[in-house]
Amino acid sequence: MLESIITWIVDTVGALGYLGILIMMFLESTFFPFPSEVVMVPAGYLAYKGEMHLGLVLLFGIAGSLLGALFNYYLARHFGRKIVLAVGHYFFFDEETLAKMERFFATHGAISTFTGRLIPVVRQYISLPAGLARMNIALFVLYTSLGAGIWVVVLTLLGYFVGQNQALIESYLHEIVLYTLLGVGVLVVLYAWWHRRKKINID
């Protein structure tokens with residue numbers, strides 16, 4: 001059933017071009033279990049063929065991701081856990097998942113809205129604990145845009161350079177996700193070191 005829904009969305013919204021990218025990436029950043037790979041990799045290939053502009057593909061992809069993240073952020077900030085869980089119930093999002101996101105946010109701090117955007121599953125929901133914690137909105141927008149930007153650029157350029165070879169795309173995607181996660185780990189360690197050093201200097 002879920003595959004049918006995704007196919008319908010791709011066929012219907014995809015026909016809208018850049019607006020379709022915006023809408024689908026918005027959905028991907030909210031509760032809806034919609035894979036960004038389905039959107040940005042084909043969009044990159046269309047840019048390679050000259051049917052779409054690469055810069056606009058990236059712009060609309062990042063904008064959609066940010067808008068979806070802001071939806072989750074304000075939903076959590078203004079309505080709280082009860083409404084978040086009530087809405088999430090319809091999209092396979094439960095209290096246990098929310099608790100995991102809150103622990104991730106509490107452990108890594110505000111920068112988790114950047115690093116979390118690069119981790120599958122986490123990137124869809126990291127905005128919720130940020131909203132519940134009333135994170136500074138300017139920092140939220142900055143970190144979310146940077147994290148979403150990296151992910152969108154990677155997927156789009158993958159489609160642009162690899163082209164129509166689906167098996168090759170899947171192979172490269174696996175490696176890219178692995179290297180991205182390693183990079184996130186390095187960033188988290190560096191941030192923890194910097195934060196600890198700053199705290200020592202203040203004390």
# chains A, B, ... in the order shown; residues from 1 in each chain; ligands from 1

$ closest_atom_pairs --of "stretch 115-152 of chain A" --to "stretch 23-28 of chain A" --cutoff "12 Å" --atoms "only C-alpha atoms" --output "CSV"
residue,atom,partner,partner_atom,distance
A:Arg117,CA,A:Glu28,CA,11.4
A:Pro120,CA,A:Glu28,CA,11.0
A:Val121,CA,A:Glu28,CA,10.0
A:Val122,CA,A:Glu28,CA,11.6
A:Arg123,CA,A:Glu28,CA,9.2
A:Gln124,CA,A:Glu28,CA,6.7
A:Tyr125,CA,A:Glu28,CA,10.0
A:Ala148,CA,A:Met25,CA,10.1
A:Gly149,CA,A:Met25,CA,11.8
A:Trp151,CA,A:Met25,CA,11.5
A:Val152,CA,A:Met25,CA,9.5

$ residues_around --residues "A:Gly44" --least-positions-apart "6" --cutoff "8 Å" --atoms "only C-alpha atoms" --output "PDB file with C-alpha atoms, in the first residue's frame"
ATOM      1  CA  LEU A  54      20.820  21.984 -11.548  1.00  0.00           C
ATOM      2  CA  VAL A  57      16.861  21.571  -8.372  1.00  0.00           C
ATOM      3  CA  LEU A 155      21.784  12.874  -3.891  1.00  0.00           C
ATOM      4  CA  THR A 156      21.354  15.344  -6.752  1.00  0.00           C
ATOM      5  CA  LEU A 157      24.960  15.102  -7.923  1.00  0.00           C
ATOM      6  CA  LEU A 158      24.702  11.320  -7.665  1.00  0.00           C
ATOM      7  CA  GLY A 159      21.864  11.377 -10.164  1.00  0.00           C
ATOM      8  CA  TYR A 160      23.679  13.967 -12.273  1.00  0.00           C
TER       9      TYR A 160
END

$ residues_around --residues "stretch 99-104 of chain A" --least-positions-apart "5" --cutoff "9 Å" --atoms "only C-alpha atoms" --output "PyMOL selection string"
chain A and resi 94+109+112+116+122+125-130+132

$ closest_atom_pairs --of "stretch 83-116 of chain A" --to "stretch 29-42 of chain A" --cutoff "12 Å" --atoms "only C-alpha atoms" --output "Markdown table"
| residue | atom | partner | partner_atom | distance |
| --- | --- | --- | --- | --- |
| A:Val84 | CA | A:Phe31 | CA | 9.6 |
| A:Leu85 | CA | A:Phe31 | CA | 10.5 |
| A:Ala86 | CA | A:Phe31 | CA | 11.4 |
| A:Val87 | CA | A:Phe31 | CA | 8.2 |
| A:Gly88 | CA | A:Phe31 | CA | 6.4 |
| A:His89 | CA | A:Phe31 | CA | 9.5 |
| A:Tyr90 | CA | A:Phe31 | CA | 8.8 |
| A:Phe91 | CA | A:Phe31 | CA | 6.1 |
| A:Phe92 | CA | A:Phe31 | CA | 8.4 |
| A:Phe93 | CA | A:Phe31 | CA | 7.4 |
| A:Asp94 | CA | A:Phe31 | CA | 10.9 |
| A:Thr97 | CA | A:Phe31 | CA | 11.7 |
| A:Leu98 | CA | A:Phe31 | CA | 11.5 |
| A:Gly116 | CA | A:Ser29 | CA | 11.7 |

$ select_by_dssp --residues "stretch 11-173 of chain A" --states "helix (DSSP H, G or I)" --output "PyMOL selection string"
chain A and resi 11-16+18-28+37-48+54-91+95-118+122-125+127-132+137-162+166-173

$ write_last_selection --atoms "C-alpha atoms" --output "compact mmCIF listing (two decimals), in the first residue's frame"
# COMPACT_ATOMS: atom_id res chain seq x y z
CA ASP A 11 3.56 10.48 -10.77
CA THR A 12 1.24 13.28 -9.67
CA VAL A 13 3.50 15.78 -7.93
CA GLY A 14 6.52 15.00 -10.09
CA ALA A 15 4.65 16.41 -13.07
CA LEU A 16 4.76 19.81 -11.35
CA TYR A 18 10.34 22.27 -9.36
CA LEU A 19 7.18 22.71 -7.31
CA GLY A 20 6.93 18.92 -7.20
CA ILE A 21 10.47 18.72 -5.77
CA LEU A 22 9.53 21.32 -3.14
CA ILE A 23 6.36 19.45 -2.11
CA MET A 24 7.94 16.00 -2.03
CA MET A 25 10.97 17.16 -0.04
CA PHE A 26 8.60 18.93 2.34
CA LEU A 27 6.80 15.63 2.88
CA GLU A 28 10.12 13.82 3.35
CA GLU A 37 16.34 9.45 -2.83
CA VAL A 38 13.18 8.94 -4.89
CA VAL A 39 13.07 12.68 -5.55
CA MET A 40 16.58 14.08 -5.76
CA VAL A 41 18.41 11.32 -7.66
CA PRO A 42 15.96 11.40 -10.62
CA ALA A 43 15.97 15.22 -10.46
CA GLY A 44 19.76 15.16 -10.76
CA TYR A 45 19.49 12.92 -13.79
CA LEU A 46 16.96 15.28 -15.40
CA ALA A 47 19.41 18.13 -14.77
CA TYR A 48 22.10 16.08 -16.51
CA LEU A 54 20.82 21.98 -11.55
CA GLY A 55 20.88 25.10 -9.37
CA LEU A 56 17.08 25.28 -9.17
CA VAL A 57 16.86 21.57 -8.37
CA LEU A 58 19.20 22.11 -5.41
CA LEU A 59 17.40 25.28 -4.30
CA PHE A 60 13.93 23.73 -4.31
CA GLY A 61 15.19 20.53 -2.71
CA ILE A 62 16.80 22.38 0.19
CA ALA A 63 13.83 24.74 0.55
CA GLY A 64 11.41 21.81 0.73
CA SER A 65 13.53 20.10 3.37
CA LEU A 66 13.70 23.27 5.47
CA LEU A 67 9.96 23.94 5.22
CA GLY A 68 9.17 20.38 6.29
CA ALA A 69 11.57 20.69 9.22
CA LEU A 70 9.97 23.99 10.24
CA PHE A 71 6.54 22.32 10.14
CA ASN A 72 7.73 19.69 12.62
CA TYR A 73 9.53 22.31 14.72
CA TYR A 74 6.51 24.59 15.13
CA LEU A 75 4.12 21.68 15.59
CA ALA A 76 6.21 20.48 18.54
CA ARG A 77 6.93 23.95 19.90
CA HIS A 78 3.35 25.23 19.91
CA PHE A 79 1.33 22.07 20.53
CA GLY A 80 3.66 19.84 22.57
CA ARG A 81 4.21 16.10 22.87
CA LYS A 82 0.53 15.12 22.98
CA ILE A 83 -0.30 16.55 19.56
CA VAL A 84 3.01 15.36 18.06
CA LEU A 85 2.23 11.80 19.10
CA ALA A 86 -1.39 12.10 17.97
CA VAL A 87 -0.32 13.18 14.48
CA GLY A 88 2.60 10.77 14.36
CA HIS A 89 0.33 7.84 15.21
CA TYR A 90 -1.02 7.94 11.64
CA PHE A 91 2.49 7.73 10.16
CA GLU A 95 6.37 7.61 21.77
CA GLU A 96 9.40 5.31 21.72
CA THR A 97 10.68 6.93 18.52
CA LEU A 98 10.13 10.40 19.96
CA ALA A 99 12.02 9.42 23.12
CA LYS A 100 14.97 8.26 20.99
CA MET A 101 14.97 11.57 19.13
CA GLU A 102 14.89 13.49 22.42
CA ARG A 103 17.85 11.49 23.77
CA PHE A 104 19.79 12.13 20.55
CA PHE A 105 19.04 15.86 20.80
CA ALA A 106 19.89 15.99 24.51
CA THR A 107 23.18 14.15 23.96
CA HIS A 108 24.47 16.18 21.02
CA GLY A 109 22.80 19.53 21.63
CA ALA A 110 21.66 22.05 19.03
CA ILE A 111 24.18 20.86 16.43
CA SER A 112 22.20 17.59 16.25
CA THR A 113 19.79 19.45 13.94
CA PHE A 114 22.74 19.58 11.53
CA THR A 115 24.28 16.16 12.04
CA GLY A 116 20.87 14.50 12.38
CA ARG A 117 19.89 15.67 8.89
CA LEU A 118 22.60 13.37 7.49
CA VAL A 122 16.79 10.66 12.29
CA ARG A 123 16.71 13.46 9.71
CA GLN A 124 12.92 13.30 9.43
CA TYR A 125 12.27 13.65 13.14
CA SER A 127 13.13 18.82 14.35
CA LEU A 128 10.60 17.56 16.88
CA PRO A 129 12.84 17.55 19.99
CA ALA A 130 14.28 20.86 18.77
CA GLY A 131 10.78 22.32 18.82
CA LEU A 132 9.93 20.79 22.18
CA ILE A 137 14.95 29.52 15.55
CA ALA A 138 17.87 31.24 13.78
CA LEU A 139 20.27 28.46 14.79
CA PHE A 140 17.67 25.86 13.87
CA VAL A 141 17.26 27.29 10.36
CA LEU A 142 21.04 27.57 9.91
CA TYR A 143 21.91 24.04 11.06
CA THR A 144 18.93 22.46 9.29
CA SER A 145 19.72 24.24 6.00
CA LEU A 146 23.37 23.16 6.16
CA GLY A 147 22.55 19.54 6.96
CA ALA A 148 19.72 19.32 4.44
CA GLY A 149 21.90 21.09 1.88
CA ILE A 150 24.65 18.48 2.12
CA TRP A 151 22.17 15.61 1.76
CA VAL A 152 20.35 17.23 -1.19
CA VAL A 153 23.61 18.07 -2.98
CA VAL A 154 24.95 14.52 -2.54
CA LEU A 155 21.78 12.87 -3.89
CA THR A 156 21.35 15.34 -6.75
CA LEU A 157 24.96 15.10 -7.92
CA LEU A 158 24.70 11.32 -7.66
CA GLY A 159 21.86 11.38 -10.16
CA TYR A 160 23.68 13.97 -12.27
CA PHE A 161 26.95 12.04 -12.63
CA VAL A 162 25.83 8.43 -12.42
CA GLN A 166 19.95 2.11 -11.17
CA ALA A 167 22.29 -0.62 -9.91
CA LEU A 168 25.22 1.78 -9.96
CA ILE A 169 23.16 4.43 -8.16
CA GLU A 170 22.29 1.99 -5.37
CA SER A 171 25.94 0.95 -5.04
CA TYR A 172 27.21 4.51 -4.80
CA LEU A 173 24.39 5.52 -2.47
